[in-house]
file protein09.cif (mmCIF, C-alpha atoms)
data_work
#
loop_
_atom_site.label_atom_id
_atom_site.label_comp_id
_atom_site.auth_asym_id
_atom_site.auth_seq_id
_atom_site.Cartn_x
_atom_site.Cartn_y
_atom_site.Cartn_z
CA MET A 36 79.20 106.54 75.04
CA ALA A 37 82.87 107.48 75.01
CA ARG A 38 84.91 109.05 72.22
CA PHE A 39 88.30 107.68 71.21
CA LEU A 40 91.08 108.54 68.78
CA LEU A 41 92.96 105.59 67.28
CA ILE A 42 96.26 106.53 65.64
CA ALA A 43 97.60 104.16 62.95
CA ALA A 44 94.30 102.32 63.04
CA SER A 45 95.03 100.52 59.77
CA SER A 46 97.12 97.95 61.67
CA GLY A 47 95.50 94.60 62.36
CA ILE A 48 95.26 95.34 66.08
CA GLY A 49 94.06 98.89 65.38
CA GLN A 50 91.26 97.67 63.14
CA ALA A 51 90.20 95.07 65.69
CA THR A 52 90.17 97.70 68.44
CA ALA A 53 88.03 100.04 66.34
CA ASP A 54 85.53 97.22 65.75
CA ILE A 55 85.33 96.34 69.45
CA LEU A 56 84.84 99.95 70.50
CA ARG A 57 82.19 100.61 67.87
CA ASP A 58 80.37 97.40 68.77
CA GLY A 59 80.30 98.74 72.33
CA GLY A 60 78.52 101.88 71.16
CA HIS A 61 81.52 104.22 71.33
CA GLU A 62 82.53 106.85 68.80
CA VAL A 63 85.86 106.14 67.11
CA ILE A 64 88.02 108.56 65.13
CA THR A 65 90.77 106.90 63.10
CA THR A 66 93.98 107.91 61.41
CA ALA A 67 96.21 106.09 58.94
CA ARG A 68 99.28 107.04 57.00
CA GLY A 69 97.42 106.51 53.72
CA ASP A 70 97.89 102.85 52.86
CA HIS A 71 94.12 102.56 52.28
CA THR A 72 93.61 99.29 54.14
CA ILE A 73 90.95 101.34 55.91
CA THR A 74 89.19 104.60 55.13
CA PRO A 75 90.47 106.77 57.98
CA ASP A 76 88.97 109.98 59.26
CA HIS A 77 92.40 111.61 58.96
CA ILE A 78 95.50 110.86 56.90
CA LEU A 79 98.39 111.23 59.33
CA ASP A 80 102.12 110.72 59.52
CA ALA A 81 102.23 110.08 63.27
CA THR A 82 105.93 110.97 63.47
CA ASP A 83 105.00 114.58 62.67
CA PHE A 84 104.35 116.36 65.99
CA ALA A 85 102.51 119.28 64.40
CA ALA A 86 100.29 116.99 62.34
CA VAL A 87 99.43 114.93 65.42
CA ASP A 88 98.55 118.15 67.26
CA ASP A 89 96.24 119.11 64.39
CA VAL A 90 94.42 115.77 64.55
CA PHE A 91 93.89 116.08 68.31
CA ALA A 92 92.54 119.60 67.79
CA ALA A 93 90.21 118.46 65.02
CA ALA A 94 88.96 115.50 67.07
CA GLY A 95 87.69 117.72 69.89
CA GLU A 96 86.97 116.34 73.34
CA LEU A 97 88.16 112.77 73.75
CA ASP A 98 87.99 110.12 76.43
CA GLY A 99 91.12 108.40 75.22
CA VAL A 100 93.67 107.72 72.51
CA ALA A 101 95.63 104.67 71.44
CA CYS A 102 98.61 104.50 69.10
CA PHE A 103 99.24 101.34 67.06
CA ALA A 104 102.12 102.51 64.89
CA GLY A 105 105.09 100.21 64.48
CA SER A 106 107.31 98.27 62.11
CA LEU A 107 109.12 94.97 61.86
CA LEU A 108 112.87 94.52 61.45
CA LEU A 109 114.55 91.26 62.38
CA LYS A 110 118.29 91.78 62.22
CA PRO A 111 121.20 91.61 64.66
CA ALA A 112 122.59 94.99 65.63
CA HIS A 113 125.78 94.63 63.55
CA LEU A 114 123.77 94.14 60.35
CA THR A 115 121.33 96.99 61.02
CA THR A 116 122.02 100.18 59.08
CA ALA A 117 121.62 103.63 60.58
CA GLU A 118 118.69 104.25 58.24
CA GLU A 119 116.92 101.04 59.31
CA TYR A 120 117.45 101.88 62.97
CA ASP A 121 116.09 105.39 62.52
CA GLU A 122 113.03 104.02 60.73
CA VAL A 123 112.26 101.56 63.54
CA ILE A 124 112.67 104.21 66.24
CA ALA A 125 110.49 106.64 64.30
CA ALA A 126 107.75 104.10 63.62
CA SER A 127 107.42 102.78 67.17
CA LEU A 128 108.86 105.32 69.61
CA THR A 129 108.53 108.72 67.94
CA THR A 130 104.89 108.03 67.11
CA ALA A 131 104.20 106.99 70.71
CA PHE A 132 105.91 110.14 72.01
CA ALA A 133 103.92 112.31 69.60
CA THR A 134 100.73 110.65 70.86
CA VAL A 135 101.57 111.28 74.52
CA ARG A 136 102.59 114.85 73.68
CA GLY A 137 99.29 115.45 71.90
CA ALA A 138 97.30 113.92 74.73
CA GLY A 139 99.14 116.03 77.28
CA LYS A 140 98.26 119.17 75.35
CA HIS A 141 94.67 118.38 74.40
CA LEU A 142 93.10 115.96 76.91
CA LYS A 143 92.52 118.68 79.48
CA ARG A 144 89.86 116.78 81.44
CA GLY A 145 91.86 113.58 81.73
CA GLY A 146 91.30 110.28 80.00
CA SER A 147 93.35 107.33 78.84
CA VAL A 148 96.40 106.88 76.64
CA VAL A 149 97.31 103.36 75.49
CA LEU A 150 100.61 102.62 73.75
CA VAL A 151 101.75 99.41 72.11
CA SER A 152 105.07 97.91 73.19
CA SER A 153 106.14 94.32 72.58
CA ALA A 154 107.11 91.15 74.39
CA ALA A 155 110.51 91.75 72.76
CA ALA A 156 110.99 94.62 75.22
CA MET A 157 110.47 92.28 78.18
CA HIS A 158 112.20 89.10 77.00
CA GLY A 159 115.51 88.71 75.20
CA THR A 160 114.83 87.54 71.66
CA ALA A 161 117.55 87.11 69.05
CA ASN A 162 117.70 89.55 66.13
CA HIS A 163 115.22 91.97 67.71
CA GLU A 164 117.69 94.63 68.85
CA ALA A 165 116.20 97.63 67.05
CA ILE A 166 112.63 96.67 67.85
CA ALA A 167 113.52 95.91 71.46
CA ALA A 168 115.20 99.30 71.80
CA ALA A 169 112.17 101.13 70.40
CA LYS A 170 109.57 99.15 72.29
CA SER A 171 111.51 99.36 75.56
CA GLY A 172 111.47 103.10 75.04
CA VAL A 173 107.67 102.92 74.75
CA ILE A 174 107.50 101.29 78.18
CA GLY A 175 109.74 103.93 79.74
CA LEU A 176 107.67 106.64 78.08
CA ALA A 177 104.41 105.18 79.42
CA LEU A 178 105.73 104.97 82.98
CA SER A 179 107.16 108.49 82.99
CA ALA A 180 104.07 110.02 81.39
CA ALA A 181 101.81 108.17 83.83
CA ALA A 182 103.67 109.90 86.66
CA THR A 183 103.64 113.29 84.96
CA TYR A 184 99.93 113.39 84.16
CA ALA A 185 98.41 111.46 87.07
CA SER A 186 97.42 114.69 88.83
CA ARG A 187 95.29 115.54 85.81
CA ASN A 188 93.64 112.11 85.81
CA LEU A 189 95.27 111.36 82.47
CA ARG A 190 96.17 107.68 82.62
CA VAL A 191 98.95 106.17 80.51
CA ASN A 192 99.36 102.42 80.04
CA ALA A 193 100.85 100.05 77.48
CA VAL A 194 100.16 96.60 76.11
CA ALA A 195 103.03 94.28 75.18
CA PRO A 196 101.88 91.68 72.66
CA GLY A 197 103.60 88.47 71.77
CA LEU A 198 103.70 87.34 68.14
CA THR A 199 100.29 88.33 66.80
CA GLU A 200 98.99 87.23 63.40
CA THR A 201 98.68 90.35 61.27
CA SER A 202 99.81 91.35 57.79
CA LEU A 203 102.95 92.84 59.38
CA THR A 204 104.05 89.50 60.86
CA ALA A 205 102.90 87.20 58.04
CA SER A 206 106.47 86.58 56.88
CA LEU A 207 107.33 85.04 60.26
CA THR A 208 104.81 82.22 59.96
CA GLU A 209 104.67 81.59 56.22
CA THR A 210 106.05 78.06 56.51
CA GLU A 211 104.72 75.29 58.74
CA GLY A 212 108.10 74.84 60.39
CA ALA A 213 108.47 78.53 61.24
CA ARG A 214 104.93 78.62 62.60
CA LYS A 215 105.53 75.64 64.88
CA VAL A 216 108.70 77.20 66.26
CA SER A 217 106.86 80.47 66.95
CA GLU A 218 103.94 78.70 68.60
CA ALA A 219 106.30 76.70 70.81
CA MET A 220 107.82 79.93 72.18
CA HIS A 221 104.46 80.87 73.70
CA ALA A 222 103.47 78.96 76.83
CA LEU A 223 99.84 78.74 75.74
CA GLY A 224 100.89 77.07 72.51
CA ARG A 225 99.41 79.44 69.96
CA LEU A 226 100.00 82.78 68.31
CA GLY A 227 97.99 85.84 69.22
CA GLN A 228 95.08 87.14 67.21
CA PRO A 229 94.36 90.87 66.77
CA ASP A 230 91.25 90.58 68.94
CA ASP A 231 93.35 89.20 71.83
CA VAL A 232 95.32 92.44 72.00
CA ALA A 233 92.44 94.70 71.00
CA ARG A 234 90.36 93.57 73.98
CA ALA A 235 93.19 94.61 76.29
CA VAL A 236 93.50 98.01 74.62
CA ALA A 237 89.73 98.54 74.88
CA PHE A 238 89.88 97.59 78.57
CA LEU A 239 92.58 100.15 79.29
CA LEU A 240 90.76 102.84 77.29
CA ASP A 241 87.46 102.26 79.09
CA PRO A 242 86.64 105.15 81.49
CA ALA A 243 85.21 102.52 83.87
CA ASN A 244 88.79 101.34 84.49
CA ASP A 245 90.04 104.73 85.62
CA TRP A 246 92.13 103.48 88.56
CA ILE A 247 94.77 101.90 86.32
CA THR A 248 97.84 103.82 85.22
CA GLY A 249 101.53 103.18 84.66
CA GLN A 250 100.97 99.53 83.79
CA VAL A 251 102.34 97.30 81.04
CA LEU A 252 99.88 94.52 80.26
CA ALA A 253 101.57 91.55 78.59
CA VAL A 254 99.19 89.98 76.09
CA ASP A 255 101.65 87.39 74.90
CA GLY A 256 100.53 83.86 75.64
CA GLY A 257 103.11 83.75 78.43
CA LEU A 258 106.07 84.48 76.14
CA ALA A 259 107.83 87.02 78.33
CA ARG A 260 107.35 85.42 81.75
CA VAL A 261 106.34 81.74 81.53
CA ARG A 262 108.47 78.74 80.66
CA PRO A 263 106.20 75.71 80.10
CA ARG A 264 107.22 72.14 80.67
CA MET A 265 108.72 70.61 77.58
CA LYS A 266 106.57 68.04 75.85
CA VAL A 267 108.14 64.61 75.62
#

call {"tool": "encode", "arguments": {"input": "protein09.cif", "output": "structure tokens"}}
result
Amino acid sequence: MARFLLIAASSGIGQATADILRDGGHEVITTARGDHTITPDHILDATDFAAVDDVFAAAGELDGVACFAGSLLLKPAHLTTAEEYDEVIAASLTTAFATVRGAGKHLKRGGSVVLVSSAAAMHGTANHEAIAAAKSGVIGLALSAAATYASRNLRVNAVAPGLTETSLTASLTETEGARKVSEAMHALGRLGQPDDVARAVAFLLDPANDWITGQVLAVDGGLARVRPRMKV
């Protein structure tokens, strides 16, 4: 049995990952900011470095940690305010950095760190500038940290989901027309489900997969890399 810390586990993907890990017999410690969609072990603002440190210290020895924090803002750059930009960067990139920082300080015997990026960081998508900036930063962070901590057997990887059906993205598919457009962007013809991404996170956390580091696993139905034939 392994022991994992899931930061921002109230997200749809975070909850699905917790379920998969627990079903596999692992111990899971969860945090949430306090929105009460789950009952977390710790209330945590994951942008607060000191608070993240405290949670790592309280959790004790861990085999891995994953951070699911993020936000959604669909606006072109010229309509994005400084406050909106700062919020997106804090929610997606600062939280990821705080997680890596905490892991670097507390996972002394190695383990796994999994961060969540986005297909928007790997594929140009209109009106995603702030999100793409933050999630691209997550990829750069994962690669650099993987190099820094490899000698300690602390692995750092990221997943990059396509459009996944969660409460955060519900507004993007609330009409049939919008849903069809979104589905058509994915080569496999459907949107992601939280379990699709959660299985990838669980795979990267698993100590059995300890020869994988510095990777970005696209779990996106082909969105970032595949252009299907058009249906006629």

call {"tool": "closest_residue", "arguments": {"input": "protein09.cif", "among": "A:Thr134, A:Thr72, A:Thr116, A:Ser46", "to": "Asp88 (chain A)", "atoms": "all atoms listed in the file"}}
result
A:Thr134

call {"tool": "closest_residue", "arguments": {"input": "protein09.cif", "among": "A:Leu114, A:Val90, A:Leu258, A:Ala125", "to": "His141 (chain A)", "atoms": "all atoms listed in the file"}}
result
A:Val90

call {"tool": "resolve_selection", "arguments": {"input": "protein09.cif", "expression": "the PyMOL selection byres ((chain A and resi 80) around 9)", "output": "PDB file with C-alpha atoms, in the frame of the given file"}}
result
ATOM      1  CA  ALA A  43      97.600 104.160  62.950  1.00  0.00           C
ATOM      2  CA  THR A  66      93.980 107.910  61.410  1.00  0.00           C
ATOM      3  CA  ALA A  67      96.210 106.090  58.940  1.00  0.00           C
ATOM      4  CA  ARG A  68      99.280 107.040  57.000  1.00  0.00           C
ATOM      5  CA  GLY A  69      97.420 106.510  53.720  1.00  0.00           C
ATOM      6  CA  ILE A  78      95.500 110.860  56.900  1.00  0.00           C
ATOM      7  CA  LEU A  79      98.390 111.230  59.330  1.00  0.00           C
ATOM      8  CA  ALA A  81     102.230 110.080  63.270  1.00  0.00           C
ATOM      9  CA  THR A  82     105.930 110.970  63.470  1.00  0.00           C
ATOM     10  CA  ASP A  83     105.000 114.580  62.670  1.00  0.00           C
ATOM     11  CA  PHE A  84     104.350 116.360  65.990  1.00  0.00           C
ATOM     12  CA  ALA A  86     100.290 116.990  62.340  1.00  0.00           C
ATOM     13  CA  VAL A  87      99.430 114.930  65.420  1.00  0.00           C
ATOM     14  CA  THR A 130     104.890 108.030  67.110  1.00  0.00           C
TER      15      THR A 130
END

call {"tool": "closest_residue", "arguments": {"input": "protein09.cif", "among": "A:Val123, A:Leu56, A:Pro229, A:Ala133", "to": "Ala85 (chain A)", "atoms": "all atoms listed in the file"}}
result
A:Ala133

call {"tool": "atom_distance", "arguments": {"input": "protein09.cif", "atom1": "CA of Ala37 (chain A)", "atom2": "CA of Leu97 (chain A)"}}
result
7.6 Å

call {"tool": "residues_near_point", "arguments": {"input": "protein09.cif", "point": "(108.6, 93.9, 76.3)", "cutoff": "8 Å", "atoms": "all atoms listed in the file", "output": "MDAnalysis selection string"}}
result
chainID A and resid 152:158 167 170:171 174 195:196 253 259

call {"tool": "atom_distance", "arguments": {"input": "protein09.cif", "atom1": "CA of Phe132 (chain A)", "atom2": "CA of Leu176 (chain A)"}}
result
7.2 Å

call {"tool": "closest_residue", "arguments": {"input": "protein09.cif", "among": "A:Ala165, A:Ala53, A:Gly137, A:Thr201", "to": "Ala92 (chain A)", "atoms": "all atoms listed in the file"}}
result
A:Gly137

call {"tool": "residues_near_point", "arguments": {"input": "protein09.cif", "point": "(93.3, 94.5, 66.1)", "cutoff": "9 Å", "atoms": "all atoms listed in the file", "output": "list in words"}}
result
Ala44, Ser45, Ser46, Gly47, Ile48, Gly49, Gln50, Ala51, Thr52, Ala53, Asp54, Ile55, Thr201, Gln228, Pro229, Asp230, Asp231, Val232, Ala233 and Arg234 of chain A

call {"tool": "closest_atom_pairs", "arguments": {"input": "protein09.cif", "of": "region 55-124 of chain A", "to": "region 181-192 of chain A", "cutoff": "10 Å", "atoms": "all atoms listed in the file", "output": "tab-separated table"}}
result
residue	atom	partner	partner_atom	distance
A:Asp98	CA	A:Leu189	CA	9.5
A:Gly99	CA	A:Leu189	CA	8.9
A:Val100	CA	A:Val191	CA	9.7
A:Ala101	CA	A:Asn192	CA	9.6

call {"tool": "atom_distance", "arguments": {"input": "protein09.cif", "atom1": "CA of Glu164 (chain A)", "atom2": "CA of Val151 (chain A)"}}
result
17.0 Å

call {"tool": "closest_residue", "arguments": {"input": "protein09.cif", "among": "A:Pro242, A:Gly172, A:Gly256, A:Gly224", "to": "Phe39 (chain A)", "atoms": "all atoms listed in the file"}}
result
A:Pro242

call {"tool": "closest_residue", "arguments": {"input": "protein09.cif", "among": "A:Leu128, A:Leu142, A:Asp255, A:Leu108", "to": "Arg38 (chain A)", "atoms": "only C-alpha atoms"}}
result
A:Leu142

call {"tool": "axis_aligned_box", "arguments": {"input": "protein09.cif", "around": "region 234-252 of chain A", "padding_each_side": "8 Å", "output": "JSON"}}
result
{"center_x": 93.8, "center_y": 99.4, "center_z": 81.3, "size_x": 33.1, "size_y": 27.6, "size_z": 30.6}
